[in-house]
Amino acid sequence: MGKVAINIATGSLQTEEIIVGIDLGTTNSLIAIVRKDSHQPIALREIDGLTLVPSIVHFGTEGNITVGNAAKELLVAEPERTIYSAKRLMGKSYKDVSDHAGFFAYKVIDDDTDALVKVQVAEKFYSPIELSSYILKELKQRAEHILKTPVNKAVITVPAYFNDSQRQATRDAGRLAGLDVLRIVNEPTAASLAYGMGVKAHEEKTIAVYDLGGGTFDISILKITNGIFEVLSTHGDTYLGGDDMDRALAQHWQKQLGISDGEMKRDKSLTQQLRVTAEEAKKHLSNKDSFEGAINGKAVSVSKTEFNTLILPLVERTITSCKNALRDAGLKAEQIDAIVMVGGSTRVPLVKQSIRDFFGKDLYDQLNPDEVVALGAAVQADILAGNNTEMLLLDVTPLSLGIETMGGLMDVLIPRNSKIPNKAGRQYTTQKDGQGSMRISVYQGERDLVQDNRKLAEFNLTGIPGMPAGMPKVEVSFLVDADGILKVSATELRSGVQQTIDVKPQYGLTDEEVEKMLLDSLTHAKEDIQTRALMEAITEAQQMLDVTEKFLAKHRQDLSPEEISTTLNSMQLLRDAIDIKDKDSVQHATESLNDISRPYAERVMDAALKDAMKGRKVI
Ligand code: ADP
Ligand code: MG
């Protein structure tokens with residue numbers, strides 16, 4: 001891991017090294033490269049001819065992890081061990097996804113806080129970042145197997161609507177898989193690049209990218225000006241896709257065959273058979289007029305016309321999103337220069353026809369719609385590798401820019417290789433009750449711990465009004481102007497207190513120094529990941545200690561002497577674990593303290609709630 005090609009003569013990074021493009025999809029993922037000989041992007045194909053790897057991870061009872069088609073086959077038999085759609089959970093808290101909890105057949109952890117979600121498989125917990133990293137690891141291994149060379153660098157795509165924390169989560173997943181993620185690219189941008197749009201200087205175009213995948217739909221309106229992509233608007237439905245078409249047809253057949261809902265609930269294999277046959281029929285109808293098959297030995301059929309009637313409401317919902325996206329961008333359908341079709345479900349003829357009619361134009365649909373995003377990621381990778389000389393090269397930030405957060409960790413706001421000018425912002429909060437000031441330390445570099453990076457500036461945001469810990473909202477924003485000058489500002493949003501500072505990040509760094517910092521980050525990647533994990537565990541432990549201490553101070557009278565003494569004991573064990581800096585012990589001790597305090601915390605809260613209810617009763 002962390003291996004890198006070095007030109008021994010010059011001591012510089014070997015530019016020959018391959019950079020792959022990865023589409024990390026909700027349903028399917030794949031990897032693509034630009035061929036050296038033809039300069040054309042191609043999706044990597046296994047001997048079995050397949051390019052798509054289902055984004056599914058299965059955890060075996062023996063601790064073995066399977067990804068892709070092999071995992072997909074276990075979906076029905078072992079639903080609680082087979083994780084799909086992890087992308088939907090990236091950078092989300094349980095609150096964010098609780099409305100859709102029924103969507104997931106596996107256990108998404110409900111601790112009713114703003115903490116990031118985890119998935120529980122048996123007695124283990126996995127973050128969406130870890131889950132995605134297993135998929136990326138699998139893709140990396142496949143690529144290495146097919147290309148017969150180490151693959152350490154990648155461009156990964158994300159939906160245009162992904163926010164900072166979802167992008168960062170994707171980046172972290174890449175890193176965890178042993179990949180240096182050179183750039184996170186918007187999926188619609190990648191799709192446009194695959195069609196050669198936006199790679200030439202002096203090009204101005206407005207593009208609509210229509211992406212209908214397995215379970216998600218989005219439409220993005222992009223403006224390309226001289227190689228810069230700007231997202232004018234994006235709309236969509238994160239719970240609408242090809243799966244809904246399968247479901248509509250399956251329900252149609254279920255009715256025809258007179259199968260009751262109860263029977264469906266009981267007979268999982270029948271449900272599965274209906275779903276699989278429906279998907280098969282749907283695909284078949286993309287280039288044939290009718291389908292005939294069998295469910296449980298009984299013949300079923302569907303004509304293209306019948307199928308179109310079933311899916312019409314779904315297609316119409318996507319058209320409504322298109323209208324909204326145009327409205328938000330302040331454009332009319334005829335002002336769109338090109339419409340790019342993305343996602344396996346755009347193969348459905350009714351979808352194509354409806355979109356063609358809506359925009360009144362021919363579509364860009366010649367490339368394989370489920371490969372086009374990965375192909376574009378490969379084009380972007382090729383540009384970064386410096387192989388595409390036609391591409392105008394924009395100034396980019398040579399190293400990542402970020403600030404120090406709890407535990408001395410580097411929190412990147414502007415990743416390295418970002419085009420400038422650039423802007424990014426993120427919200428932070430206080431750690432202590434009544435904390436009146438916050439130190440903002442700005443760093444440059446690729447390492448996980450700020451102590452290994454380069455400090456650029458530091459200032460104090462003072463005058464934060466007294467509030468409980470976690471209440472203040474401090475927005476830190478970075479602005480790199482066209483000259484590479486970084487302006488950092490911090491604003492407490494509730495009170496409006498603000499402070500700003502100018503820094504010149506590149507100052508004094510030679511190309512060699514930048515390269516050395518990059519090399520360092522690769523050599524230390526593994527140990528950095530370990531340190532980060534330890535620091536995160538310690539931060540969590542300290543929060544647990546704080547909360548417990550506060551709870552004891554407030555509710556001592558509601559606890560038995562025994563509860564108090566086991567708690568104090570467990571707190572001491574946790575402090576000891578923090579002292580010896582062992583991640584597993586810290587996590588273990590945090591969990592034990594949590595296990596000890598949870599029952600009485602719940603009891604006390606329940607009682608408080610009952611009291612409150614009583615108080616409110618009107619006679
Ligand atoms: P995602 O971007 O969500 O990972 P994909 O772009 O890979 O998803 O699209 C997967 C969806 O495309 C599935 O619902 C699948 O059934 C559908 N699909 C694949 N091939 C066809 C086809 N020939 N006709 C219709 N739908 C198809
Ligand atoms: Mg996709």
# chains A, B, ... in the order shown; residues from 1 in each chain; ligands from 1

$ closest_atom_pairs --of "chain A" --to "ligand 1" --cutoff "7 Å" --atoms "only C-alpha atoms and all ligand atoms" --output "Markdown table"
| residue | atom | partner | partner_atom_place_in_ligand_line | distance |
| --- | --- | --- | --- | --- |
| A:Gly25 | CA | ligand 1 | 4 (O) | 3.7 |
| A:Thr26 | CA | ligand 1 | 4 (O) | 4.1 |
| A:Thr27 | CA | ligand 1 | 4 (O) | 3.4 |
| A:Asn28 | CA | ligand 1 | 4 (O) | 3.9 |
| A:Ser29 | CA | ligand 1 | 4 (O) | 6.1 |
| A:Leu212 | CA | ligand 1 | 6 (O) | 6.6 |
| A:Gly213 | CA | ligand 1 | 8 (O) | 3.6 |
| A:Gly214 | CA | ligand 1 | 14 (O) | 3.4 |
| A:Gly215 | CA | ligand 1 | 3 (O) | 5.4 |
| A:Thr216 | CA | ligand 1 | 3 (O) | 5.8 |
| A:Gly241 | CA | ligand 1 | 14 (O) | 6.3 |
| A:Gly242 | CA | ligand 1 | 14 (O) | 3.5 |
| A:Asp243 | CA | ligand 1 | 14 (O) | 4.8 |
| A:Glu279 | CA | ligand 1 | 16 (O) | 5.6 |
| A:Lys282 | CA | ligand 1 | 25 (C) | 5.5 |
| A:Lys283 | CA | ligand 1 | 24 (N) | 3.6 |
| A:His284 | CA | ligand 1 | 23 (N) | 6.7 |
| A:Ser286 | CA | ligand 1 | 24 (N) | 4.9 |
| A:Val342 | CA | ligand 1 | 6 (O) | 6.7 |
| A:Gly343 | CA | ligand 1 | 6 (O) | 3.2 |
| A:Gly344 | CA | ligand 1 | 12 (O) | 3.2 |
| A:Ser345 | CA | ligand 1 | 26 (N) | 4.0 |
| A:Thr346 | CA | ligand 1 | 26 (N) | 6.8 |
| A:Arg347 | CA | ligand 1 | 24 (N) | 4.7 |
| A:Val348 | CA | ligand 1 | 25 (C) | 4.8 |
| A:Pro369 | CA | ligand 1 | 6 (O) | 6.7 |
| A:Asp370 | CA | ligand 1 | 6 (O) | 4.4 |

$ residues_around --residues "Ser233 (chain A)" --least-positions-apart "3" --cutoff "7 Å" --atoms "only C-alpha atoms" --output "PyMOL selection string"
chain A and resi 220-221+325+328-329

$ atom_distance --atom1 "CA of Glu446 (chain A)" --atom2 "CA of Asp520 (chain A)"
8.3 Å

$ select_by_dssp --residues "region 79-135 of chain A" --states "strand (DSSP E or B)" --output "ChimeraX atom specification"
/A:82-84,93,107-108,116,119-121,124-126

$ atom_distance --atom1 "CA of Ile538 (chain A)" --atom2 "CA of Gly408 (chain A)"
11.4 Å

$ residues_around --residues "His235 (chain A)" --least-positions-apart "4" --cutoff "12 Å" --atoms "only C-alpha atoms" --output "PDB file with C-alpha atoms, in the first residue's frame"
ATOM      1  CA  PRO A 159     -23.496  12.983  -7.670  1.00  0.00           C
ATOM      2  CA  ALA A 160     -23.573  16.736  -8.248  1.00  0.00           C
ATOM      3  CA  TYR A 161     -25.811  17.153  -5.200  1.00  0.00           C
ATOM      4  CA  PHE A 162     -23.309  15.531  -2.778  1.00  0.00           C
ATOM      5  CA  ALA A 208     -28.501  18.825 -19.371  1.00  0.00           C
ATOM      6  CA  VAL A 209     -27.362  15.513 -17.908  1.00  0.00           C
ATOM      7  CA  TYR A 210     -30.240  13.095 -17.278  1.00  0.00           C
ATOM      8  CA  ASP A 211     -29.179  10.222 -14.995  1.00  0.00           C
ATOM      9  CA  LEU A 212     -31.643   7.429 -14.250  1.00  0.00           C
ATOM     10  CA  THR A 216     -31.856   7.154  -7.952  1.00  0.00           C
ATOM     11  CA  PHE A 217     -32.648   9.833 -10.469  1.00  0.00           C
ATOM     12  CA  ASP A 218     -31.053  13.199 -11.020  1.00  0.00           C
ATOM     13  CA  ILE A 219     -30.969  15.887 -13.627  1.00  0.00           C
ATOM     14  CA  SER A 220     -28.208  18.494 -13.681  1.00  0.00           C
ATOM     15  CA  ILE A 221     -27.900  21.586 -15.795  1.00  0.00           C
ATOM     16  CA  VAL A 231     -23.544  23.326 -11.934  1.00  0.00           C
ATOM     17  CA  ARG A 317     -41.948  12.298 -12.336  1.00  0.00           C
ATOM     18  CA  THR A 318     -38.526  12.660 -13.959  1.00  0.00           C
ATOM     19  CA  ILE A 319     -39.956  15.172 -16.454  1.00  0.00           C
ATOM     20  CA  THR A 320     -41.278  17.259 -13.559  1.00  0.00           C
ATOM     21  CA  SER A 321     -37.741  17.317 -12.117  1.00  0.00           C
ATOM     22  CA  CYS A 322     -36.395  18.432 -15.510  1.00  0.00           C
ATOM     23  CA  LYS A 323     -38.868  21.317 -15.498  1.00  0.00           C
ATOM     24  CA  ASN A 324     -37.782  22.309 -11.983  1.00  0.00           C
ATOM     25  CA  ALA A 325     -34.114  22.150 -12.889  1.00  0.00           C
ATOM     26  CA  LEU A 326     -34.652  24.384 -15.919  1.00  0.00           C
ATOM     27  CA  ARG A 327     -36.680  26.817 -13.829  1.00  0.00           C
ATOM     28  CA  ASP A 328     -33.925  27.003 -11.180  1.00  0.00           C
ATOM     29  CA  ALA A 329     -31.289  27.580 -13.837  1.00  0.00           C
TER      30      ALA A 329
END

$ residues_around --residues "region 174-179 of chain A" --least-positions-apart "6" --cutoff "10 Å" --atoms "only C-alpha atoms" --output "short mmCIF file (atom, residue, chain, number, x, y, z; two decimals) with all heavy atoms, in the first residue's frame"
data_model
loop_
_atom_site.label_atom_id
_atom_site.label_comp_id
_atom_site.auth_asym_id
_atom_site.auth_seq_id
_atom_site.Cartn_x
_atom_site.Cartn_y
_atom_site.Cartn_z
N MET A 1 0.84 -1.21 0.00
CA MET A 1 0.00 0.00 0.00
C MET A 1 0.86 1.24 0.00
O MET A 1 1.96 1.27 0.54
CB MET A 1 -0.87 -0.10 1.25
CG MET A 1 -1.17 1.18 1.92
SD MET A 1 -2.51 0.86 3.05
CE MET A 1 -3.45 2.28 2.76
N GLY A 2 0.35 2.27 -0.65
CA GLY A 2 1.09 3.52 -0.68
C GLY A 2 2.34 3.47 -1.54
O GLY A 2 3.22 4.29 -1.41
N LYS A 3 2.41 2.48 -2.43
CA LYS A 3 3.57 2.41 -3.31
C LYS A 3 3.43 3.45 -4.40
O LYS A 3 2.36 3.73 -4.89
CB LYS A 3 3.66 1.02 -3.94
CG LYS A 3 4.93 0.30 -3.52
CD LYS A 3 5.01 -1.03 -4.21
CE LYS A 3 4.55 -2.13 -3.29
NZ LYS A 3 4.03 -3.28 -4.00
N ILE A 19 -3.56 6.26 -13.73
CA ILE A 19 -4.60 6.82 -12.86
C ILE A 19 -5.93 6.32 -13.42
O ILE A 19 -6.21 6.49 -14.60
CB ILE A 19 -4.59 8.36 -12.87
CG1 ILE A 19 -3.18 8.89 -12.61
CG2 ILE A 19 -5.57 8.90 -11.84
CD1 ILE A 19 -3.07 10.40 -12.69
N VAL A 20 -6.71 5.66 -12.59
CA VAL A 20 -7.96 5.09 -13.08
C VAL A 20 -9.15 6.00 -12.74
O VAL A 20 -9.07 6.83 -11.84
CB VAL A 20 -8.22 3.68 -12.48
CG1 VAL A 20 -7.14 2.71 -12.91
CG2 VAL A 20 -8.33 3.75 -10.97
N ILE A 129 -18.34 4.63 5.03
CA ILE A 129 -17.01 4.81 4.44
C ILE A 129 -16.30 3.47 4.31
O ILE A 129 -15.73 3.14 3.28
CB ILE A 129 -16.17 5.78 5.30
CG1 ILE A 129 -16.84 7.16 5.30
CG2 ILE A 129 -14.73 5.86 4.81
CD1 ILE A 129 -16.13 8.20 6.12
N GLU A 130 -16.37 2.67 5.39
CA GLU A 130 -15.73 1.35 5.33
C GLU A 130 -16.39 0.50 4.25
O GLU A 130 -15.71 -0.18 3.47
CB GLU A 130 -15.86 0.63 6.67
CG GLU A 130 -14.97 1.20 7.76
CD GLU A 130 -15.33 0.63 9.12
OE1 GLU A 130 -16.37 1.05 9.69
OE2 GLU A 130 -14.58 -0.22 9.60
N SER A 132 -17.99 1.39 1.56
CA SER A 132 -17.58 1.84 0.23
C SER A 132 -16.14 1.46 -0.05
O SER A 132 -15.77 1.17 -1.19
CB SER A 132 -17.74 3.35 0.10
OG SER A 132 -19.07 3.70 0.29
N SER A 133 -15.32 1.47 1.02
CA SER A 133 -13.90 1.14 0.79
C SER A 133 -13.75 -0.32 0.36
O SER A 133 -12.86 -0.65 -0.41
CB SER A 133 -13.06 1.46 2.01
OG SER A 133 -13.12 0.40 2.94
N TYR A 134 -14.65 -1.21 0.84
CA TYR A 134 -14.57 -2.61 0.40
C TYR A 134 -14.86 -2.71 -1.10
O TYR A 134 -14.23 -3.48 -1.81
CB TYR A 134 -15.56 -3.48 1.18
CG TYR A 134 -15.21 -3.61 2.64
CD1 TYR A 134 -16.15 -3.37 3.63
CD2 TYR A 134 -13.92 -3.96 3.03
CE1 TYR A 134 -15.83 -3.46 4.97
CE2 TYR A 134 -13.59 -4.06 4.37
CZ TYR A 134 -14.55 -3.81 5.33
OH TYR A 134 -14.23 -3.90 6.65
N ILE A 135 -15.82 -1.90 -1.56
CA ILE A 135 -16.15 -1.92 -2.99
C ILE A 135 -14.96 -1.38 -3.79
O ILE A 135 -14.54 -1.96 -4.79
CB ILE A 135 -17.42 -1.08 -3.27
CG1 ILE A 135 -18.61 -1.69 -2.52
CG2 ILE A 135 -17.70 -0.99 -4.76
CD1 ILE A 135 -19.84 -0.81 -2.48
N LEU A 136 -14.39 -0.28 -3.31
CA LEU A 136 -13.25 0.31 -4.01
C LEU A 136 -12.04 -0.61 -4.02
O LEU A 136 -11.33 -0.72 -5.01
CB LEU A 136 -12.88 1.66 -3.36
CG LEU A 136 -13.90 2.77 -3.59
CD1 LEU A 136 -13.59 3.98 -2.72
CD2 LEU A 136 -13.93 3.18 -5.06
N LYS A 137 -11.85 -1.32 -2.91
CA LYS A 137 -10.73 -2.26 -2.82
C LYS A 137 -10.89 -3.35 -3.88
O LYS A 137 -9.94 -3.73 -4.55
CB LYS A 137 -10.70 -2.88 -1.42
CG LYS A 137 -9.34 -2.77 -0.76
CD LYS A 137 -9.36 -3.41 0.62
CE LYS A 137 -9.30 -2.35 1.70
NZ LYS A 137 -9.53 -2.87 3.05
N GLU A 138 -12.13 -3.84 -3.98
CA GLU A 138 -12.42 -4.87 -4.97
C GLU A 138 -12.13 -4.34 -6.39
O GLU A 138 -11.49 -5.03 -7.20
CB GLU A 138 -13.89 -5.29 -4.84
CG GLU A 138 -14.41 -6.19 -5.93
CD GLU A 138 -13.96 -7.63 -5.77
OE1 GLU A 138 -13.56 -7.99 -4.65
OE2 GLU A 138 -14.00 -8.38 -6.78
N LEU A 139 -12.55 -3.12 -6.67
CA LEU A 139 -12.33 -2.54 -7.99
C LEU A 139 -10.83 -2.39 -8.25
O LEU A 139 -10.34 -2.68 -9.34
CB LEU A 139 -13.00 -1.17 -8.09
CG LEU A 139 -14.53 -1.16 -8.09
CD1 LEU A 139 -15.04 0.28 -7.98
CD2 LEU A 139 -15.10 -1.81 -9.34
N LYS A 140 -10.12 -1.93 -7.21
CA LYS A 140 -8.67 -1.75 -7.34
C LYS A 140 -8.01 -3.07 -7.68
O LYS A 140 -7.18 -3.16 -8.59
CB LYS A 140 -8.13 -1.18 -6.03
CG LYS A 140 -6.62 -1.05 -5.93
CD LYS A 140 -6.26 -0.35 -4.62
CE LYS A 140 -4.99 -0.86 -3.96
NZ LYS A 140 -3.74 -0.44 -4.52
N GLN A 141 -8.40 -4.12 -6.93
CA GLN A 141 -7.80 -5.43 -7.18
C GLN A 141 -8.10 -5.94 -8.58
O GLN A 141 -7.23 -6.48 -9.26
CB GLN A 141 -8.32 -6.45 -6.17
CG GLN A 141 -7.52 -6.42 -4.89
CD GLN A 141 -8.22 -7.15 -3.76
OE1 GLN A 141 -9.19 -7.86 -3.99
NE2 GLN A 141 -7.71 -6.96 -2.55
N VAL A 151 -2.24 -0.31 -8.98
CA VAL A 151 -3.11 0.84 -9.20
C VAL A 151 -3.26 1.58 -7.87
O VAL A 151 -3.79 1.02 -6.91
CB VAL A 151 -4.49 0.37 -9.71
CG1 VAL A 151 -5.50 1.52 -9.73
CG2 VAL A 151 -4.37 -0.23 -11.10
N ASN A 152 -2.73 2.78 -7.79
CA ASN A 152 -2.76 3.51 -6.53
C ASN A 152 -3.44 4.85 -6.60
O ASN A 152 -3.61 5.52 -5.58
CB ASN A 152 -1.33 3.73 -6.02
CG ASN A 152 -0.62 2.42 -5.77
OD1 ASN A 152 -1.17 1.54 -5.12
ND2 ASN A 152 0.57 2.27 -6.32
N LYS A 153 -3.76 5.28 -7.79
CA LYS A 153 -4.32 6.63 -7.93
C LYS A 153 -5.62 6.57 -8.69
O LYS A 153 -5.75 5.82 -9.66
CB LYS A 153 -3.35 7.51 -8.70
CG LYS A 153 -2.06 7.72 -7.98
CD LYS A 153 -1.20 8.65 -8.76
CE LYS A 153 0.04 8.96 -7.95
NZ LYS A 153 0.86 9.95 -8.60
N ALA A 154 -6.56 7.39 -8.24
CA ALA A 154 -7.86 7.34 -8.89
C ALA A 154 -8.57 8.68 -8.87
O ALA A 154 -8.30 9.54 -8.04
CB ALA A 154 -8.74 6.30 -8.19
N VAL A 155 -9.48 8.80 -9.82
CA VAL A 155 -10.46 9.88 -9.82
C VAL A 155 -11.78 9.18 -9.52
O VAL A 155 -12.08 8.16 -10.13
CB VAL A 155 -10.51 10.55 -11.21
CG1 VAL A 155 -11.74 11.42 -11.34
CG2 VAL A 155 -9.24 11.34 -11.47
N ILE A 156 -12.53 9.67 -8.55
CA ILE A 156 -13.80 9.02 -8.20
C ILE A 156 -14.94 10.01 -8.42
O ILE A 156 -14.79 11.20 -8.12
CB ILE A 156 -13.80 8.53 -6.74
CG1 ILE A 156 -12.62 7.57 -6.49
CG2 ILE A 156 -15.11 7.82 -6.39
CD1 ILE A 156 -12.56 7.01 -5.08
N GLN A 168 -16.19 14.26 1.21
CA GLN A 168 -15.06 13.89 2.06
C GLN A 168 -15.14 12.41 2.42
O GLN A 168 -14.13 11.71 2.43
CB GLN A 168 -15.06 14.76 3.34
CG GLN A 168 -13.81 14.64 4.17
CD GLN A 168 -12.55 14.97 3.38
OE1 GLN A 168 -12.49 15.94 2.63
NE2 GLN A 168 -11.50 14.15 3.52
N LEU A 522 1.95 9.50 1.00
CA LEU A 522 1.74 8.14 0.51
C LEU A 522 2.46 7.13 1.39
O LEU A 522 1.92 6.10 1.76
CB LEU A 522 2.24 8.01 -0.93
CG LEU A 522 1.43 8.81 -1.95
CD1 LEU A 522 2.10 8.80 -3.31
CD2 LEU A 522 0.02 8.24 -2.06
N ALA A 525 0.61 6.74 4.61
CA ALA A 525 -0.85 6.61 4.53
C ALA A 525 -1.39 5.63 5.57
O ALA A 525 -2.35 5.91 6.28
CB ALA A 525 -1.26 6.17 3.13
N LYS A 526 -0.72 4.48 5.71
CA LYS A 526 -1.24 3.44 6.59
C LYS A 526 -1.20 3.89 8.05
O LYS A 526 -2.19 3.78 8.76
CB LYS A 526 -0.41 2.17 6.41
CG LYS A 526 -1.04 1.00 7.11
CD LYS A 526 -0.37 -0.27 6.67
CE LYS A 526 -0.99 -1.44 7.41
NZ LYS A 526 -0.28 -2.68 7.09
N ILE A 529 -3.79 6.52 8.75
CA ILE A 529 -5.15 6.00 8.91
C ILE A 529 -5.30 5.47 10.33
O ILE A 529 -6.30 5.71 11.00
CB ILE A 529 -5.43 4.89 7.88
CG1 ILE A 529 -5.59 5.50 6.50
CG2 ILE A 529 -6.71 4.12 8.25
CD1 ILE A 529 -5.62 4.52 5.38
#

$ closest_residue --among "A:Met535, A:Leu375, A:Ala278, A:Ala169" --to "ligand 2" --atoms "only C-alpha atoms and all ligand atoms"
A:Leu375

$ closest_residue --among "A:Glu475, A:Asp37, A:Asp502, A:Asp23" --to "ligand 2" --atoms "only C-alpha atoms and all ligand atoms"
A:Asp23

$ atom_distance --atom1 "CA of Asn368 (chain A)" --atom2 "CA of Asp244 (chain A)"
21.3 Å

$ select_by_dssp --residues "region 63-258 of chain A" --states "alpha helix (DSSP H)" --output "ChimeraX atom specification"
/A:69-72,94-97,128-147,164-176,187-194,242-256

$ write_last_selection --atoms "C-alpha atoms" --output "PDB file, in the first residue's frame"
ATOM      1  CA  ASN A  69     -22.148 -10.435  -8.146  1.00  0.00           C
ATOM      2  CA  ALA A  70     -21.207 -13.086  -5.602  1.00  0.00           C
ATOM      3  CA  ALA A  71     -22.585 -10.830  -2.848  1.00  0.00           C
ATOM      4  CA  LYS A  72     -25.695 -10.015  -4.889  1.00  0.00           C
ATOM      5  CA  TYR A  94     -29.495   8.484  11.250  1.00  0.00           C
ATOM      6  CA  LYS A  95     -31.926  11.394  11.285  1.00  0.00           C
ATOM      7  CA  ASP A  96     -31.165  12.045   7.616  1.00  0.00           C
ATOM      8  CA  VAL A  97     -32.157   8.529   6.581  1.00  0.00           C
ATOM      9  CA  PRO A 128     -20.607   3.745   5.082  1.00  0.00           C
ATOM     10  CA  ILE A 129     -17.013   4.813   4.439  1.00  0.00           C
ATOM     11  CA  GLU A 130     -15.734   1.345   5.328  1.00  0.00           C
ATOM     12  CA  LEU A 131     -18.462  -0.292   3.245  1.00  0.00           C
ATOM     13  CA  SER A 132     -17.583   1.839   0.230  1.00  0.00           C
ATOM     14  CA  SER A 133     -13.905   1.145   0.785  1.00  0.00           C
ATOM     15  CA  TYR A 134     -14.571  -2.605   0.396  1.00  0.00           C
ATOM     16  CA  ILE A 135     -16.151  -1.917  -2.992  1.00  0.00           C
ATOM     17  CA  LEU A 136     -13.253   0.314  -4.011  1.00  0.00           C
ATOM     18  CA  LYS A 137     -10.732  -2.257  -2.823  1.00  0.00           C
ATOM     19  CA  GLU A 138     -12.420  -4.869  -4.973  1.00  0.00           C
ATOM     20  CA  LEU A 139     -12.326  -2.542  -7.991  1.00  0.00           C
ATOM     21  CA  LYS A 140      -8.675  -1.748  -7.339  1.00  0.00           C
ATOM     22  CA  GLN A 141      -7.798  -5.433  -7.182  1.00  0.00           C
ATOM     23  CA  ARG A 142      -9.715  -6.162 -10.369  1.00  0.00           C
ATOM     24  CA  ALA A 143      -7.947  -3.348 -12.164  1.00  0.00           C
ATOM     25  CA  GLU A 144      -4.560  -4.585 -10.962  1.00  0.00           C
ATOM     26  CA  HIS A 145      -5.439  -8.069 -12.095  1.00  0.00           C
ATOM     27  CA  ILE A 146      -6.566  -6.934 -15.534  1.00  0.00           C
ATOM     28  CA  LEU A 147      -3.823  -4.339 -16.098  1.00  0.00           C
ATOM     29  CA  ASP A 164     -18.900  18.497   1.475  1.00  0.00           C
ATOM     30  CA  SER A 165     -19.163  15.753   4.044  1.00  0.00           C
ATOM     31  CA  GLN A 166     -20.412  13.235   1.481  1.00  0.00           C
ATOM     32  CA  ARG A 167     -17.510  14.137  -0.797  1.00  0.00           C
ATOM     33  CA  GLN A 168     -15.061  13.891   2.065  1.00  0.00           C
ATOM     34  CA  ALA A 169     -16.528  10.526   3.017  1.00  0.00           C
ATOM     35  CA  THR A 170     -15.973   9.309  -0.549  1.00  0.00           C
ATOM     36  CA  ARG A 171     -12.409  10.563  -0.459  1.00  0.00           C
ATOM     37  CA  ASP A 172     -11.821   8.784   2.868  1.00  0.00           C
ATOM     38  CA  ALA A 173     -13.259   5.565   1.453  1.00  0.00           C
ATOM     39  CA  GLY A 174     -10.756   5.776  -1.397  1.00  0.00           C
ATOM     40  CA  ARG A 175      -7.930   6.363   0.983  1.00  0.00           C
ATOM     41  CA  LEU A 176      -9.002   3.451   3.161  1.00  0.00           C
ATOM     42  CA  GLU A 187     -21.004  12.462 -12.240  1.00  0.00           C
ATOM     43  CA  PRO A 188     -22.675  14.775 -14.792  1.00  0.00           C
ATOM     44  CA  THR A 189     -19.347  16.480 -15.425  1.00  0.00           C
ATOM     45  CA  ALA A 190     -17.712  13.101 -16.029  1.00  0.00           C
ATOM     46  CA  ALA A 191     -20.495  12.071 -18.410  1.00  0.00           C
ATOM     47  CA  SER A 192     -19.983  15.267 -20.424  1.00  0.00           C
ATOM     48  CA  LEU A 193     -16.226  14.700 -20.530  1.00  0.00           C
ATOM     49  CA  ALA A 194     -16.814  11.197 -21.882  1.00  0.00           C
ATOM     50  CA  GLY A 242     -35.034   1.209 -12.575  1.00  0.00           C
ATOM     51  CA  ASP A 243     -35.886  -0.786  -9.434  1.00  0.00           C
ATOM     52  CA  ASP A 244     -39.256   0.989  -9.365  1.00  0.00           C
ATOM     53  CA  MET A 245     -39.931  -0.154 -12.925  1.00  0.00           C
ATOM     54  CA  ASP A 246     -39.165  -3.738 -11.873  1.00  0.00           C
ATOM     55  CA  ARG A 247     -41.483  -3.341  -8.902  1.00  0.00           C
ATOM     56  CA  ALA A 248     -44.338  -1.932 -11.039  1.00  0.00           C
ATOM     57  CA  LEU A 249     -44.143  -4.916 -13.399  1.00  0.00           C
ATOM     58  CA  ALA A 250     -43.763  -7.431 -10.565  1.00  0.00           C
ATOM     59  CA  GLN A 251     -46.906  -6.047  -8.905  1.00  0.00           C
ATOM     60  CA  HIS A 252     -48.780  -6.238 -12.210  1.00  0.00           C
ATOM     61  CA  TRP A 253     -47.897  -9.939 -12.525  1.00  0.00           C
ATOM     62  CA  GLN A 254     -48.614 -10.588  -8.870  1.00  0.00           C
ATOM     63  CA  LYS A 255     -52.178  -9.385  -9.440  1.00  0.00           C
ATOM     64  CA  GLN A 256     -52.533 -11.367 -12.668  1.00  0.00           C
TER      65      GLN A 256
END

$ residues_around --residues "Gln587 (chain A)" --least-positions-apart "5" --cutoff "12 Å" --atoms "only C-alpha atoms" --output "VMD selection string"
chain A and resid 125 533 to 542 544 573 to 575 577 to 578 581 to 582 592 to 594

$ write_last_selection --atoms "C-alpha atoms" --output "compact mmCIF listing (two decimals), in the first residue's frame"
# COMPACT_ATOMS: atom_id res chain seq x y z
CA PHE A 125 -20.49 -2.04 13.11
CA ALA A 533 -8.73 6.09 13.87
CA LEU A 534 -7.09 6.33 17.31
CA MET A 535 -7.68 10.09 17.52
CA GLU A 536 -11.29 9.66 16.52
CA ALA A 537 -11.75 6.92 19.11
CA ILE A 538 -10.22 9.14 21.79
CA THR A 539 -12.39 12.10 20.84
CA GLU A 540 -15.46 9.92 21.04
CA ALA A 541 -14.30 8.51 24.39
CA GLN A 542 -13.74 11.97 25.80
CA MET A 544 -18.63 9.93 26.42
CA LEU A 573 -10.89 2.12 32.88
CA LEU A 574 -11.70 4.33 29.90
CA ARG A 575 -9.28 7.02 31.09
CA ALA A 577 -7.25 3.12 27.95
CA ILE A 578 -6.92 6.68 26.61
CA LYS A 581 -3.35 5.15 23.39
CA ASP A 582 -4.65 1.84 22.17
CA SER A 592 -18.64 -0.79 28.10
CA LEU A 593 -19.24 2.60 29.67
CA ASN A 594 -22.05 3.12 27.21
